[in-house]
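Here the structure comes first, spelled out in structure tokens, and everything after it is commentary.
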Amino acid sequence: MHIMRKSIIFLLSLCVITACNPYGGLTEDLNRVMKDSDVVGLSVALVENNQIVYTHSFGVKDIDTQEPVSDGDLFRIASISKSFSATSIMQLIEQGFVTLDMDVTLLAGFPIRNPKYPDVKITLGMLLSHRSSLNDSEGYFTFDVINPDVNPNYANCYNDYEPGTQYEYCNLNFNLVGSFIEKLSGERFDQYVVGHILRPLGLYGGYCVDSLDASKFVKLYTYDEQAGKFVYDPECYEPRSERIANYKFGYDTPVFSPTGGMKISAIDLAKYMLMHMNYGTSPSGVKIINEKHSRMMQTPVHSTDTTDPDAYYGYALWNEDSYIEGETLVGHTGGAYGLRSEMFFNPEKKYGFVAICSGSRDEEILKTVIRAMRPYVKTK
């Protein structure tokens, strides 16, 4: 009798715990993913019905100290950063400073023309959608590579097709966009993003390492197959203080990496995602950009032919249908220094996922994470 009573009490307690924490199973599922995929650190956020319903961090932020990752820790999120640059330039478009069809030579201060198509202008919209015909073959951390007065091989930065006709993912595009934000706004790029996006949304992060609490940085690791271990690359949070001290406004912008240098936590990235999920305005009513331009960012620019690689990309956000069968999500990924990051959402059903991994041997790890999170989403 006592054994039966204890069993009933245990089952009732389990029901209460499950009711109070409907995501307990998700934590267990993600712990299994961590173990199975050899993950160093992971931070996630789940949005359901237009609000963050689950956040959790796993693993360690430093292999040497074994300090655990916490929800407030910062990751360099790599190419998801492009959407912050695109959002910033959309603000300036709305203020009448520039248009998407403007010839970017007028903004750059030196010619940006594909020498194979010298009469075809390269526009701001082409940069934002990776249809500029530019490539990263000469690098992208300085504009010297594309400046004809500095680099005799500048023509290598251009592909053999007419600007606007084809897609090639190119980091140089967005470092250029960052410099235009400076010239148009009169504010240094990193400070503009903080003042016009992060601070209005109540978020902590930024592109300038020196302006952030370094104790919050999650170290990023690549796996060295030959050595059989994860290796930290300190370059990921290199402050580049000397270059900033001698900063040339509108030209040295790549030092902040508008294309990939945002440092932010998973939970704050989810809050930013909510703004785009609601087409430019946060759930609390903070308007960052107009609905028109938020929708433009989320809409593929040209081709509807799904065999064409440019079919899915808008302005720093793209449509993705390979993660969840039968569902199209909007967002972006990132990858650098061993990090992998993903931010994807469904703007109509108001759910979304943020997942950031500081190192794993599995290149597809975050697809697994998002697929593990999806069953826990309940949409109205």
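Every chain in the structure tokens has a letter given in the order shown (A, B, ...), and although residue numbers restart at 1 in each chain, ligands are simply numbered from 1 in the order shown.
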Give me, as a Markdown table, the closest atom pair and its distance (Å, one decimal) for every residue of segment 15-93 of chain A within a cut-off of 6 Å of segment 325-341 of chain A, counting only C-alpha atoms, rows sorted by chain and rising number.
```
| residue | atom | partner | partner_atom | distance |
| --- | --- | --- | --- | --- |
| A:Ile77 | CA | A:Ser341 | CA | 5.9 |
| A:Ala78 | CA | A:Gly334 | CA | 4.7 |
| A:Ser79 | CA | A:Gly334 | CA | 4.3 |
| A:Ile80 | CA | A:Gly334 | CA | 5.5 |
```
- List the neighbours of Asn50 of chain A out to 9 Å using only C-alpha atoms; skip same-chain residues closer than 5 positions along the sequence, and give me the result as a count of residues only. 8
- Item | Selection near Leu212 of chain A, 12 Å with only C-alpha atoms, sequence-local residues under 6 positions removed, as a list of chain:residue names | A:Asp73, A:Leu74, A:Phe75, A:Arg76, A:Asp190, A:Val194, A:Tyr204, A:Gly205, A:Gly206, A:Tyr237, A:Pro239, A:Met262, A:Lys263, A:Ile264
- Item | Given only C-alpha atoms as the counted atoms, nearest of A:Tyr221, A:Asp268, A:Met34, A:Gly314 to His130 of chain A |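 Using only C-alpha atoms, the shortest distance to His130 of chain A belongs to A:Gly314.
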- Task: Per DSSP on the backbone, filter segment 150-261 of chain A down to the residues in alpha helix (DSSP H) and report them as a list in words.
- Result: Asn171, Leu172, Asn173, Phe174, Asn175, Leu176, Val177, Gly178, Ser179, Phe180, Ile181, Glu182, Lys183, Leu184, Ser185, Phe189, Asp190, Gln191, Tyr192, Val193, Arg199, Pro200, Leu201, Ser241, Glu242, Arg243, Ile244 and Ala245 of chain A
Dump N, CA, C and O atoms for the selected residues as a CSV table (one decimal), in the first residue's frame?
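Output file out-v7.csv follows:
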```csv
chain,number,residue,atom,x,y,z
A,171,ASN,N,31.6,38.5,-49.3
A,171,ASN,CA,31.7,39.3,-48.1
A,171,ASN,C,32.1,40.8,-48.4
A,171,ASN,O,31.7,41.7,-47.6
A,172,LEU,N,32.8,41.0,-49.4
A,172,LEU,CA,33.2,42.3,-49.8
A,172,LEU,C,32.0,43.2,-50.0
A,172,LEU,O,32.0,44.4,-49.7
A,173,ASN,N,30.9,42.7,-50.5
A,173,ASN,CA,29.7,43.4,-50.7
A,173,ASN,C,29.3,44.2,-49.5
A,173,ASN,O,28.9,45.4,-49.5
A,174,PHE,N,29.3,43.4,-48.3
A,174,PHE,CA,28.7,44.0,-47.1
A,174,PHE,C,29.7,44.9,-46.3
A,174,PHE,O,29.3,45.7,-45.6
A,175,ASN,N,31.0,44.7,-46.5
A,175,ASN,CA,32.0,45.6,-46.0
A,175,ASN,C,31.8,46.9,-46.7
A,175,ASN,O,32.0,48.0,-46.0
A,176,LEU,N,31.6,46.9,-48.0
A,176,LEU,CA,31.3,48.2,-48.7
A,176,LEU,C,30.0,48.8,-48.2
A,176,LEU,O,30.0,50.0,-47.9
A,177,VAL,N,29.0,48.1,-47.9
A,177,VAL,CA,27.7,48.6,-47.4
A,177,VAL,C,28.0,49.3,-46.0
A,177,VAL,O,27.5,50.4,-45.8
A,178,GLY,N,28.8,48.7,-45.2
A,178,GLY,CA,29.2,49.3,-43.9
A,178,GLY,C,29.8,50.6,-44.1
A,178,GLY,O,29.5,51.6,-43.3
A,179,SER,N,30.7,50.8,-45.1
A,179,SER,CA,31.4,52.1,-45.3
A,179,SER,C,30.4,53.1,-45.7
A,179,SER,O,30.5,54.3,-45.4
A,180,PHE,N,29.4,52.7,-46.5
A,180,PHE,CA,28.4,53.6,-47.0
A,180,PHE,C,27.5,54.1,-45.8
A,180,PHE,O,27.1,55.3,-45.8
A,181,ILE,N,27.2,53.2,-44.9
A,181,ILE,CA,26.5,53.6,-43.7
A,181,ILE,C,27.2,54.7,-43.0
A,181,ILE,O,26.6,55.7,-42.5
A,182,GLU,N,28.5,54.6,-42.9
A,182,GLU,CA,29.3,55.7,-42.2
A,182,GLU,C,29.2,57.0,-43.0
A,182,GLU,O,28.9,58.1,-42.4
A,183,LYS,N,29.4,56.9,-44.3
A,183,LYS,CA,29.4,58.2,-45.1
A,183,LYS,C,28.0,58.9,-45.1
A,183,LYS,O,28.0,60.1,-45.1
A,184,LEU,N,27.0,58.1,-45.1
A,184,LEU,CA,25.6,58.6,-45.2
A,184,LEU,C,25.2,59.2,-43.9
A,184,LEU,O,24.5,60.2,-43.8
A,185,SER,N,25.5,58.5,-42.8
A,185,SER,CA,25.0,58.8,-41.5
A,185,SER,C,25.9,59.8,-40.7
A,185,SER,O,25.4,60.5,-39.8
A,189,PHE,N,30.6,53.1,-38.2
A,189,PHE,CA,29.7,52.0,-38.5
A,189,PHE,C,29.2,51.3,-37.2
A,189,PHE,O,28.0,51.1,-37.0
A,190,ASP,N,30.2,50.9,-36.4
A,190,ASP,CA,29.8,50.1,-35.2
A,190,ASP,C,28.9,50.9,-34.2
A,190,ASP,O,28.0,50.3,-33.6
A,191,GLN,N,29.2,52.2,-34.1
A,191,GLN,CA,28.4,53.0,-33.3
A,191,GLN,C,27.0,53.3,-33.8
A,191,GLN,O,26.0,53.4,-33.1
A,192,TYR,N,26.9,53.3,-35.1
A,192,TYR,CA,25.6,53.5,-35.8
A,192,TYR,C,24.7,52.3,-35.4
A,192,TYR,O,23.5,52.5,-35.0
A,193,VAL,N,25.2,51.1,-35.6
A,193,VAL,CA,24.4,49.9,-35.3
A,193,VAL,C,23.9,49.9,-33.9
A,193,VAL,O,22.8,49.5,-33.6
A,199,ARG,N,20.5,49.4,-29.2
A,199,ARG,CA,20.0,50.2,-28.0
A,199,ARG,C,18.5,50.4,-28.1
A,199,ARG,O,17.8,50.1,-27.0
A,200,PRO,N,17.9,50.7,-29.2
A,200,PRO,CA,16.4,50.8,-29.2
A,200,PRO,C,15.7,49.5,-28.9
A,200,PRO,O,14.6,49.6,-28.3
A,201,LEU,N,16.3,48.4,-29.2
A,201,LEU,CA,15.7,47.1,-28.9
A,201,LEU,C,16.1,46.6,-27.5
A,201,LEU,O,15.6,45.5,-27.1
A,241,SER,N,43.0,47.3,-32.1
A,241,SER,CA,43.0,48.7,-31.5
A,241,SER,C,43.8,49.7,-32.3
A,241,SER,O,43.4,50.9,-32.4
A,242,GLU,N,45.0,49.3,-32.8
A,242,GLU,CA,45.9,50.2,-33.5
A,242,GLU,C,45.2,50.7,-34.7
A,242,GLU,O,45.3,51.9,-35.0
A,243,ARG,N,44.6,49.8,-35.5
A,243,ARG,CA,43.9,50.3,-36.7
A,243,ARG,C,42.8,51.2,-36.4
A,243,ARG,O,42.5,52.2,-37.1
A,244,ILE,N,42.0,50.9,-35.3
A,244,ILE,CA,40.9,51.8,-35.0
A,244,ILE,C,41.5,53.2,-34.5
A,244,ILE,O,40.9,54.2,-34.8
A,245,ALA,N,42.6,53.2,-33.8
A,245,ALA,CA,43.2,54.5,-33.4
A,245,ALA,C,43.6,55.3,-34.5
A,245,ALA,O,43.6,56.6,-34.4
```
- With distances taken over only C-alpha atoms, the candidate from A:Gly202, A:Met373, A:Pro347, A:Ser88 nearest Gly24 of chain A is A:Met373
- Task: Enter the distance from atom CA of Glu138 of chain A to atom CA of Tyr207 of chain A, in Å, rounded to one decimal.
- Result: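 Taking atom CA of Glu138 of chain A and atom CA of Tyr207 of chain A, their separation equals 23.1 Å.
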- Query: In Å, how far is it from atom CA of Arg295 of chain A to atom CA of Ser282 of chain A?
  - Reply: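 Distance reported for this atom pair: 14.4 Å.
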